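Enquirer: Just passing along the structure, written as structure tokens.
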Amino acid sequence: MVKKYPPIHHKVKHMIHGADYNPDQWMRTPEVWDEDMRLMKLAHSNSMSVGIFAWAALEPEEGRFEFGWLDEIMEKLYKNNAYVILATPTGARPAWMSAKYPEVLRVQANRRRNLHGTRHNHCYTSPVYREKTRIINTKLAERYGNHPSLVLWHVSNEYGGECHCELCQEAFRNWLREKYDDDLDKLNHAWWTAFWSHTYTDWSQIESPAPHGEFLVHGHNLDWKRFVTHQTLDFFKHEIATLKEITPDIPVTTNFMGTYPGLDYWKLAPHMDVVSWDSYPMWHSKDNWEVGCSTAFLHDINRSLKGGKPFMLMESTPSATNWQPVAKLKRPGMHVLSSIQAVAHGSDSVQYFQWRKSRGSSEKFHGAVVDHVGNENTRVFRDVADVGKILEKLDDVVGTTVRPEVAVIYDWENRWAIDDAQGPRREKKDYQLTCERHYKAFWKRGIPVDVINMDCDFSRYKLLIAPMLYMVRPGVAERMEKFVESGGTLIVTYWSGIVDENDLCFLRGFPGPLRKVTGIRSEEIDALYDEDYNYAVFDKDNPLKLEKEYKTVELCDLIHAETAKVLATYKEDFYAGRPALTVNEFGKGKCYYIAFRSGDDFLSDFYGRLIEDLDIQRVLDIDLPEGVTVQKRSDGDNDFIFVMNFAGDQRTVDLGDEELTDMIDGGQVKGEITLPAYGLRILKRPVR
């Protein structure tokens, strides 16, 4: 098992600290470039992502390339000891291309072709667009592949969206023919097309889902989403082919967007050398510790996508995010805290959109390191410099990771299927929120968690949590059984084991293939109105020693215990006395089935008991005040511990008698420490 990974590139000895840099917007005033170099040093920045949307500046006319300005920028950055993350500019095409080759523009689901504009408004299937992409990427790789400042390829930007043109329709049909072995009967069965007499008799009859056509066949919708991921990945592989051929030693990435529902990132991640993502929480929109927990969940997905390998925070805002409903400023302390939070969960970089605010267009009021005033005399600039100073003390953390004992399953395909299902509620199905609530019980206690999909290896965990595993793909139930038989503890909840990989309901009883390991049978599920509730009541002698009554809301599964033991029952309504929580002993392990949706109180108490029973280790063996969490990274010899206060006021944490080293000031720390609002400490200790 890897204890410490190599850095992103062998040249990179430090945490990367930088931003999206758009010097092409300032070519009329090149003196700004020299000022940028001066300011980068003051901000303790050591890296810049360059050229992300610069295609028109690089190729102003078809076949005429202008690299002089980029040559100058690359040299300036190198002379100022800065790494360069060089982008392929394919996230937005130049106007001449749209005018001459309109087929590169996307077609919407209503079959209407877009006009030139915005970004990611291009067809991934288009041979013309693919060829133009190959040419510009080849030019960049040949010209800058050996540049001493280049450490990473930033491929395109935030892949997303879909195209419904005739090229994509034909590609979709070909993808389906391959998936279903050129057998329409297989497809018709998988999509259950006999419903509403939608049986296909020729491949040419199949089209992508459309608002004025077919959009209610769930297997169809699911396969279209899979195809969009496939086609996006195929385009990504096309983009990197040239880069890998010419610059095999330069790693590649593209920036993800949290749990963006349009793509299954588990399919893209294996083809990237390092995962990177763009984080834009709505800080101060509610209790900050709630926002902090949700953000931590996303960081942990990105760390888990490569099995624990450090990821990169490619974009974040140093102040306001202009495209959110309210562009609220980060309060003092929050920028440092939110930046270091990414590092605590496994990032080897802190980067921003953007370095210098644009003068015009849609993101001219988006946060930036350098404001329109153009100098270092701003609160935000000082905040960024403070982050840079901290990162300079964390060289030992680069490449380190964490090996959690707990994993929560969050699966994109499962989300697609749940969101498409017309029941048991049209609103508040809340798959992601439910996963985050289970995760929260550990985050509040300072216990690291991996966030994985259902195809990952389960064997290294003590506790595996599968909230709302509505879809169960082939082989998953068998691997869960093996996990529990070998001594693992599995948590399954209501609305699990309902459909297979084609979104077809399992027959002979829910939770389908999970019925054996859970030891229960689900007969019905009651969807409650928002004002309704019931209670789960625990038996007096239950082994979890839980005594409270817990409110149940929104969804109550009506189950029968088969081989499972009943730990709690419903209190009211016609299903009073029916099982609400069960445990099934299976081999050397156990499987719990939570039949109801609850508040945080039940999940906190329930997992608190399991943490004790399973001897799951906290980073610090102490009780944490609300709003404070602890995370760690380790190199096998030392633990690097991040104590973070997401509360809006001061918190005191008692470290006990253990003596730790403060990584920022080098002093020794033990006993009580005080964290101001949005404060943090980074501590070091030998691995125990």
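Chains: A, B, ... in order of the structure tokens. Residues: from 1 per chain. Ligands: from 1, in order shown.
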Give me every alpha helix (DSSP H) residue in range 197-408 of chain A, going by DSSP on the backbone, as a PyMOL selection string.
Expert: chain A and resi 218-246+265-268+288-304+334-344+379-391
Enquirer: Give me the residues of range 292-347 of chain A that have any atom at most 12 Å from an atom of range 677-687 of chain A; for each, the nearest atom pair and the distance in Å, rounded to one decimal. Use only C-alpha atoms, sort by chain and number, and format it as CSV.
Expert:
residue,atom,partner,partner_atom,distance
A:Gly292,CA,A:Tyr678,CA,10.5
A:Lys330,CA,A:Tyr678,CA,10.5
A:Arg331,CA,A:Tyr678,CA,8.6
A:Pro332,CA,A:Tyr678,CA,7.8
A:Gly333,CA,A:Tyr678,CA,5.2
A:Met334,CA,A:Tyr678,CA,5.5
A:His335,CA,A:Tyr678,CA,8.8
A:Val336,CA,A:Tyr678,CA,8.3
A:Leu337,CA,A:Tyr678,CA,6.1
A:Ser338,CA,A:Tyr678,CA,8.7
A:Ser339,CA,A:Leu680,CA,11.1
A:Ile340,CA,A:Leu680,CA,8.7
A:Gln341,CA,A:Leu680,CA,9.3
A:Val343,CA,A:Ile682,CA,10.6
A:Ala344,CA,A:Ile682,CA,9.0
Enquirer: List the spatial neighbours of Trp26 in chain A as an NGL selection string - criterion: any atom at most 12 Å away, only C-alpha atoms, same-chain residues fewer than 2 positions off excluded.
Expert: :A and (21-24 or 28-36 or 54 or 57 or 69-70 or 73 or 356-360)
Enquirer: Using the chain letters and numbers from this document, which residues of range 500-679 of chain A does DSSP assign to strand (DSSP E or B), as a ChimeraX atom specification?
Expert: /A:505,510,520-527,534-538,549-561,565-570,579-586,589-594,596-598,628-634,638-645,651-654,660-662,668-669,672-675
Enquirer: Could you name the residues that touch Arg93 in chain A at 8 Å or less, counting only C-alpha atoms, but leaving out those on the same chain fewer than 6 positions away, as a ChimeraX atom specification?
Expert: /A:55-56,119,122
Enquirer: Quick one: everything within 7 Å of Thr400 in chain A, counting only C-alpha atoms, minus sequence neighbours fewer than 6 positions away in the same chain. Send it as a ChimeraX atom specification.
Expert: /A:3-5,633-635
Enquirer: Near Trp224 in chain A, counting only C-alpha atoms, which residues have an atom at most 8 Å away, once you skip same-chain residues fewer than 4 positions from it, shown as a list in words?
Expert: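 Once the adjacent positions are removed, what remains is Phe172, Ser208, Pro209, His220 and Val228 of chain A.
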Enquirer: Could you turn the residues from that selection into a file that holds C-alpha atoms, as a short mmCIF file (atom, residue, chain, number, x, y, z; two decimals), in the first residue's frame?
Expert:
data_model
loop_
_atom_site.label_atom_id
_atom_site.label_comp_id
_atom_site.auth_asym_id
_atom_site.auth_seq_id
_atom_site.Cartn_x
_atom_site.Cartn_y
_atom_site.Cartn_z
CA PHE A 172 -25.41 6.84 -30.00
CA SER A 208 -31.72 10.65 -28.04
CA PRO A 209 -34.27 11.77 -25.43
CA HIS A 220 -33.32 4.95 -22.61
CA VAL A 228 -22.70 11.24 -23.06
#
